[in-house]
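**Q** The following file, input-v6.tsv, comprises TSV, C-alpha atoms:
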chain	number	residue	atom	x	y	z
A	1	MET	CA	7.05	-84.45	22.80
A	2	CYS	CA	6.47	-86.51	19.63
A	3	GLY	CA	9.21	-86.25	17.06
A	4	ILE	CA	11.93	-85.68	19.66
A	5	GLY	CA	14.67	-88.25	19.51
A	6	ARG	CA	16.41	-90.22	22.19
A	7	GLN	CA	19.52	-88.04	21.88
A	8	TRP	CA	17.53	-84.99	22.98
A	9	LEU	CA	16.07	-86.80	25.98
A	10	GLU	CA	19.46	-88.08	27.09
A	11	SER	CA	20.96	-84.58	26.89
A	12	ILE	CA	18.78	-83.26	29.72
A	13	LEU	CA	20.82	-82.17	32.75
A	14	VAL	CA	19.38	-81.84	36.28
A	15	SER	CA	21.08	-80.34	39.34
A	16	THR	CA	19.96	-79.59	42.90
A	17	GLU	CA	21.52	-77.29	45.46
A	18	CYS	CA	20.59	-75.92	48.88
A	19	ASN	CA	21.18	-72.26	49.60
A	20	GLY	CA	21.21	-70.39	52.89
A	21	ASN	CA	22.29	-71.21	56.43
A	22	GLY	CA	20.73	-72.45	59.62
A	23	PHE	CA	17.61	-74.55	59.93
A	24	HIS	CA	15.82	-72.78	57.09
A	25	ARG	CA	17.13	-73.25	53.55
A	26	GLU	CA	16.13	-72.93	49.93
A	27	MET	CA	16.28	-76.00	47.66
A	28	VAL	CA	16.92	-75.00	44.06
A	29	THR	CA	16.49	-77.45	41.18
A	30	THR	CA	17.68	-76.62	37.68
A	31	VAL	CA	16.75	-78.52	34.53
A	32	LYS	CA	18.68	-77.75	31.33
A	33	PHE	CA	17.13	-78.71	27.99
A	34	SER	CA	18.67	-78.67	24.52
A	35	PRO	CA	17.50	-75.94	22.10
A	36	ASP	CA	14.90	-78.06	20.30
A	37	VAL	CA	12.61	-78.43	23.33
A	38	PRO	CA	8.87	-78.31	22.43
A	39	ASN	CA	7.10	-74.98	22.78
A	40	VAL	CA	4.84	-76.39	25.49
A	41	LEU	CA	6.16	-79.08	27.81
A	42	ASN	CA	4.81	-80.24	31.18
A	43	VAL	CA	7.50	-81.03	33.72
A	44	LEU	CA	7.13	-82.93	36.99
A	45	LEU	CA	9.98	-83.12	39.50
A	46	VAL	CA	9.44	-85.68	42.26
A	47	HIS	CA	11.62	-84.90	45.27
A	48	LYS	CA	11.81	-87.74	47.80
A	49	LEU	CA	12.79	-85.91	50.96
A	50	PRO	CA	14.19	-87.64	54.07
A	51	ARG	CA	12.68	-87.41	57.54
A	52	GLY	CA	15.28	-84.87	58.66
A	53	ILE	CA	13.72	-82.31	56.30
A	54	TYR	CA	10.22	-80.86	56.11
A	55	VAL	CA	8.32	-78.24	54.14
A	56	ASP	CA	5.60	-75.93	55.39
A	57	PRO	CA	2.37	-76.51	53.40
A	58	TYR	CA	1.11	-73.02	54.24
A	59	GLN	CA	4.32	-71.50	52.93
A	60	LEU	CA	4.07	-73.59	49.77
A	61	ALA	CA	0.49	-72.45	49.21
A	62	THR	CA	1.81	-68.89	49.00
A	63	LEU	CA	4.28	-69.99	46.31
A	64	ASN	CA	1.51	-71.69	44.36
A	65	ASP	CA	-0.45	-68.44	44.33
A	66	SER	CA	2.50	-66.26	43.31
A	67	ASP	CA	4.00	-68.44	40.55
A	68	SER	CA	1.51	-69.56	37.90
A	69	HIS	CA	4.15	-71.85	36.31
A	70	LEU	CA	4.93	-73.71	39.56
A	71	GLN	CA	2.51	-75.86	41.55
A	72	ILE	CA	3.43	-78.17	44.43
A	73	LEU	CA	1.69	-81.32	45.66
A	74	LEU	CA	2.66	-83.27	48.80
A	75	ASP	CA	2.00	-87.00	49.03
A	76	SER	CA	1.26	-86.97	52.77
A	77	PRO	CA	0.38	-84.60	55.63
A	78	ILE	CA	3.29	-82.72	57.23
A	79	ASN	CA	3.76	-82.43	60.99
A	80	LEU	CA	5.56	-79.12	61.47
A	81	GLU	CA	6.51	-79.76	65.11
A	82	ALA	CA	7.71	-83.37	65.16
A	83	PRO	CA	11.43	-84.11	65.60
A	84	ALA	CA	13.18	-86.23	62.99
A	85	HIS	CA	12.97	-89.53	64.91
A	86	ARG	CA	9.19	-89.26	65.23
A	87	THR	CA	8.32	-88.72	61.60
A	88	GLY	CA	9.07	-90.18	58.18
A	89	GLY	CA	10.10	-89.08	54.72
A	90	PHE	CA	7.71	-87.79	52.09
A	91	SER	CA	7.55	-86.76	48.43
A	92	ALA	CA	7.09	-83.26	47.07
A	93	LEU	CA	5.82	-83.09	43.49
A	94	LEU	CA	6.82	-79.89	41.67
A	95	TYR	CA	4.81	-79.12	38.54
A	96	ALA	CA	6.08	-76.62	36.01
A	97	THR	CA	5.34	-75.76	32.40
A	98	LEU	CA	7.78	-74.68	29.73
A	99	VAL	CA	6.02	-72.32	27.35
A	100	GLY	CA	8.28	-71.19	24.52
A	101	GLN	CA	11.21	-70.39	26.80
A	102	ARG	CA	14.17	-69.34	24.71
A	103	SER	CA	16.71	-70.14	27.39
A	104	LYS	CA	15.48	-73.75	27.67
A	105	LEU	CA	16.34	-73.51	31.35
A	106	LEU	CA	13.91	-74.42	34.10
A	107	LYS	CA	14.93	-73.23	37.56
A	108	LYS	CA	12.61	-73.59	40.53
A	109	SER	CA	13.12	-73.25	44.27
A	110	ILE	CA	11.14	-74.18	47.36
A	111	PRO	CA	11.84	-73.42	51.04
A	112	ILE	CA	12.85	-76.39	53.17
A	113	HIS	CA	13.46	-76.69	56.91
A	114	CYS	CA	15.65	-78.95	59.06
A	115	ARG	CA	14.10	-80.95	61.88
A	116	TYR	CA	15.61	-81.28	65.33
A	117	HIS	CA	17.27	-84.63	66.03
A	118	GLU	CA	17.71	-86.69	69.17
A	119	PRO	CA	20.64	-85.63	71.38
A	120	SER	CA	23.82	-87.68	71.25
A	121	PHE	CA	25.20	-89.51	74.29
A	122	GLY	CA	28.57	-90.06	72.62
A	123	ASP	CA	30.98	-87.99	70.59
A	124	GLN	CA	28.59	-87.29	67.72
A	125	LYS	CA	28.13	-83.56	67.20
A	126	ALA	CA	26.03	-83.58	64.03
A	127	VAL	CA	24.08	-85.78	61.64
A	128	ILE	CA	24.27	-85.74	57.87
A	129	VAL	CA	21.01	-85.53	55.93
A	130	ASN	CA	21.28	-86.32	52.23
A	131	ILE	CA	18.84	-85.03	49.64
A	132	GLY	CA	18.95	-87.11	46.45
A	133	SER	CA	18.30	-86.00	42.90
A	134	PRO	CA	14.61	-85.82	41.97
A	135	ASP	CA	12.82	-88.04	39.49
A	136	LEU	CA	12.12	-86.19	36.24
A	137	LEU	CA	8.83	-86.84	34.43
A	138	LEU	CA	7.76	-85.19	31.17
A	139	ARG	CA	4.43	-84.96	29.38
A	140	SER	CA	3.14	-83.20	26.27
A	141	GLU	CA	-0.52	-82.56	25.52
A	142	THR	CA	0.16	-83.29	21.82
A	143	CYS	CA	1.75	-86.70	22.33
A	144	ASN	CA	0.03	-89.44	24.30
A	145	ASP	CA	1.40	-92.44	22.41
A	146	GLY	CA	3.73	-94.33	24.74
A	147	SER	CA	5.06	-96.44	21.86
A	148	ASN	CA	7.31	-93.51	20.92
A	149	PHE	CA	9.23	-94.02	24.16
A	150	LYS	CA	9.69	-97.77	24.36
A	151	SER	CA	13.10	-97.41	25.98
A	152	TYR	CA	11.69	-95.26	28.78
A	153	SER	CA	9.40	-96.02	31.69
A	154	ILE	CA	5.81	-94.79	31.44
A	155	VAL	CA	4.47	-94.01	34.91
A	156	ASP	CA	1.13	-92.80	36.21
A	157	ALA	CA	1.04	-89.66	38.34
A	158	PRO	CA	-1.40	-86.84	39.04
A	159	CYS	CA	-1.78	-84.58	36.01
A	160	THR	CA	-1.56	-81.41	38.09
A	161	ALA	CA	-1.12	-80.30	41.70
A	162	THR	CA	-4.91	-80.36	42.14
A	163	ASN	CA	-4.64	-84.18	42.14
A	164	SER	CA	-7.98	-84.49	40.37
A	165	SER	CA	-6.88	-86.84	37.56
A	166	ILE	CA	-4.09	-89.25	36.60
A	167	CYS	CA	-1.91	-88.92	33.50
A	168	SER	CA	0.85	-90.98	31.86
A	169	TRP	CA	4.31	-89.45	32.19
A	170	VAL	CA	7.63	-90.38	30.62
A	171	GLN	CA	10.31	-90.93	33.26
A	172	ILE	CA	13.62	-89.55	32.01
A	173	HIS	CA	17.07	-90.93	32.84
A	174	PHE	CA	18.96	-87.67	32.92
A	175	LYS	CA	22.54	-86.60	33.48
A	176	LYS	CA	23.34	-85.69	37.08
A	177	GLU	CA	25.81	-83.03	38.17
A	178	GLN	CA	25.88	-84.74	41.60
A	179	SER	CA	24.12	-87.71	43.17
A	180	HIS	CA	22.92	-85.77	46.22
A	181	VAL	CA	23.41	-82.70	48.36
A	182	SER	CA	24.23	-82.99	52.06
A	183	LEU	CA	23.18	-80.91	55.04
A	184	GLN	CA	25.02	-81.11	58.35
A	185	ILE	CA	22.61	-80.73	61.26
A	186	PRO	CA	23.99	-80.43	64.82
A	187	VAL	CA	22.62	-82.55	67.63
A	188	GLY	CA	22.50	-81.70	71.31
A	189	ASP	CA	24.69	-83.19	74.01
A	190	GLY	CA	22.69	-85.89	75.77
A	191	SER	CA	24.88	-85.68	78.86
A	192	LEU	CA	23.33	-82.28	79.62
A	193	VAL	CA	19.88	-83.81	80.10
A	194	ILE	CA	19.21	-83.74	83.84
A	195	HIS	CA	16.34	-85.53	85.59
A	196	VAL	CA	15.13	-84.02	88.87
A	197	ILE	CA	12.65	-86.08	90.91
A	198	CYS	CA	10.66	-84.50	93.71
A	199	GLU	CA	8.37	-86.53	95.94
A	200	LEU	CA	5.53	-84.96	97.89
A	201	ARG	CA	4.14	-87.46	100.35
A	202	GLY	CA	0.72	-87.19	101.83
A	203	VAL	CA	-2.70	-88.01	100.50
A	204	ALA	CA	-1.16	-88.36	97.05
A	205	GLU	CA	2.36	-88.82	95.79
A	206	PHE	CA	3.65	-86.78	92.87
A	207	VAL	CA	6.76	-87.40	90.81
A	208	ILE	CA	8.10	-84.42	88.88
A	209	LYS	CA	10.74	-84.75	86.19
A	210	LEU	CA	12.66	-81.78	84.90
A	211	LYS	CA	14.55	-82.09	81.64
A	212	LEU	CA	17.11	-79.53	80.55
A	213	LEU	CA	17.30	-79.90	76.81
A	214	PRO	CA	20.71	-79.52	75.19
A	215	PHE	CA	21.32	-76.45	73.10
A	216	SER	CA	21.76	-76.91	69.34
A	217	THR	CA	23.66	-74.53	67.14
A	218	PRO	CA	22.41	-73.85	63.59
A	219	PRO	CA	23.27	-76.49	60.98
A	220	MET	CA	26.06	-75.97	58.49
Take the structure in the file and give it back as structure tokens.

**A**
Amino acid sequence: MCGIGRQWLESILVSTECNGNGFHREMVTTVKFSPDVPNVLNVLLVHKLPRGIYVDPYQLATLNDSDSHLQILLDSPINLEAPAHRTGGFSALLYATLVGQRSKLLKKSIPIHCRYHEPSFGDQKAVIVNIGSPDLLLRSETCNDGSNFKSYSIVDAPCTATNSSICSWVQIHFKKEQSHVSLQIPVGDGSLVIHVICELRGVAEFVIKLKLLPFSTPPM
């Protein structure tokens, strides 16, 4: 990355979109570089995903095996079954390598899934989940001198998805086609939750509660 001027760095354009319908989508991130990109460039996209979204680590492991130029690291364990209100957000680190790509276009996708949300007891029919633009970090094996990038932040992050060592990365302030993408996720009708209590008196007393969960249609 040495020898590349500030103008080149500021010309980088990043966009994110979500494709598909229902609770299972595909998040696609595109990074556009100018023609004078180095022949070998390490790219790290840090997606900070909200609690209404999750990824399946087993599904991601399949992607890691099938795409040698894309590796994914999660910063925390993922509970696949928890509803949105019982979990938190997390970060997904996407590692990619540009190796002499003539198009200077990096386009990577990962499957994401929507979590179920608490039912509404008012007029709310859906919740909006926003996915912000990722952080973009760059690193070159031939340039480790941070003094060349005084106007940029130098941050420490795992060198690769194996998380076996830490490297210095240059955090890029890129152009954004949009600040975030939004998913509309329906919520159930809380008024349809019915509690049924049955008492059996005798040696012991039992209380049984029956909950009829509201039906949710697929998100838009």

**Q** Figure out the distance between CA of Val155 (chain A) and CA of Val14 (chain A), please, to one decimal in Å.

**A**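 Interatomic distance here is 19.3 Å.
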
**Q** With only C-alpha atoms counted and 12 Å as the cut-off, give the residues of region 27-82 of chain A in contact with region 172-175 of chain A, each with its shortest interatomic distance in Å and the pair that gives it, as JSON lines.

**A**
{"residue": "A:Thr30", "atom": "CA", "partner": "A:Lys175", "partner_atom": "CA", "distance": 11.9}
{"residue": "A:Val31", "atom": "CA", "partner": "A:Phe174", "partner_atom": "CA", "distance": 9.5}
{"residue": "A:Lys32", "atom": "CA", "partner": "A:Lys175", "partner_atom": "CA", "distance": 9.9}
{"residue": "A:Phe33", "atom": "CA", "partner": "A:Phe174", "partner_atom": "CA", "distance": 10.4}
{"residue": "A:Val43", "atom": "CA", "partner": "A:Ile172", "partner_atom": "CA", "distance": 10.6}
{"residue": "A:Leu44", "atom": "CA", "partner": "A:Ile172", "partner_atom": "CA", "distance": 10.5}
{"residue": "A:Leu45", "atom": "CA", "partner": "A:Ile172", "partner_atom": "CA", "distance": 10.5}
{"residue": "A:Val46", "atom": "CA", "partner": "A:Ile172", "partner_atom": "CA", "distance": 11.7}

**Q** Quick one: everything within 10 Å of Asn42 (chain A), counting all atoms listed in the file, minus sequence neighbours fewer than 4 positions away in the same chain. Send it as a list of chain:residue names.

**A** A:Met1, A:Pro38, A:His69, A:Tyr95, A:Ala96, A:Thr97, A:Leu98, A:Val99, A:Leu137, A:Leu138, A:Arg139, A:Ser140, A:Glu141, A:Cys159, A:Thr160, A:Trp169

**Q** Go through A:Gln7, A:Asn39, A:Gln171, A:Asn130 one by one, measure the shortest atom-to-atom distance of each to Cys114 (chain A) using all atoms listed in the file, and give the residue with the smallest value.

**A**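 When distances to Cys114 (chain A) are compared using all atoms listed in the file, the smallest one comes from A:Asn130.
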
**Q** Considering only C-alpha atoms, can you say which of A:Val40, A:Leu74, A:Val28, A:Ile128 comes closest to Thr16 (chain A)?

**A**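 Looking only at the distances to Thr16 (chain A), the closest residue turns out to be A:Val28.
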
**Q** Can you pull out the residues contacting region 52-64 of chain A? Cut-off 7 Å, using all atoms listed in the file, and skip same-chain residues under 2 positions away; I want them as a list in words.

**A** Leu49, Pro50, Ser66, Asp67, Ser68, Leu70, Gln71, Ile72, Leu80, Ala84, Pro111, Ile112, His113, Cys114, Arg115 and Val129 of chain A

**Q** In Å, how far is it from CA of Pro186 (chain A) to CA of Gly89 (chain A)?

**A**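 Distance reported for this atom pair: 19.2 Å.
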
**Q** Between CA of His180 (chain A) and CA of Tyr152 (chain A), what is the distance in Å, rounded to a tenth?

**A**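 CA of Tyr152 (chain A) lies at a distance of 22.8 Å from CA of His180 (chain A).
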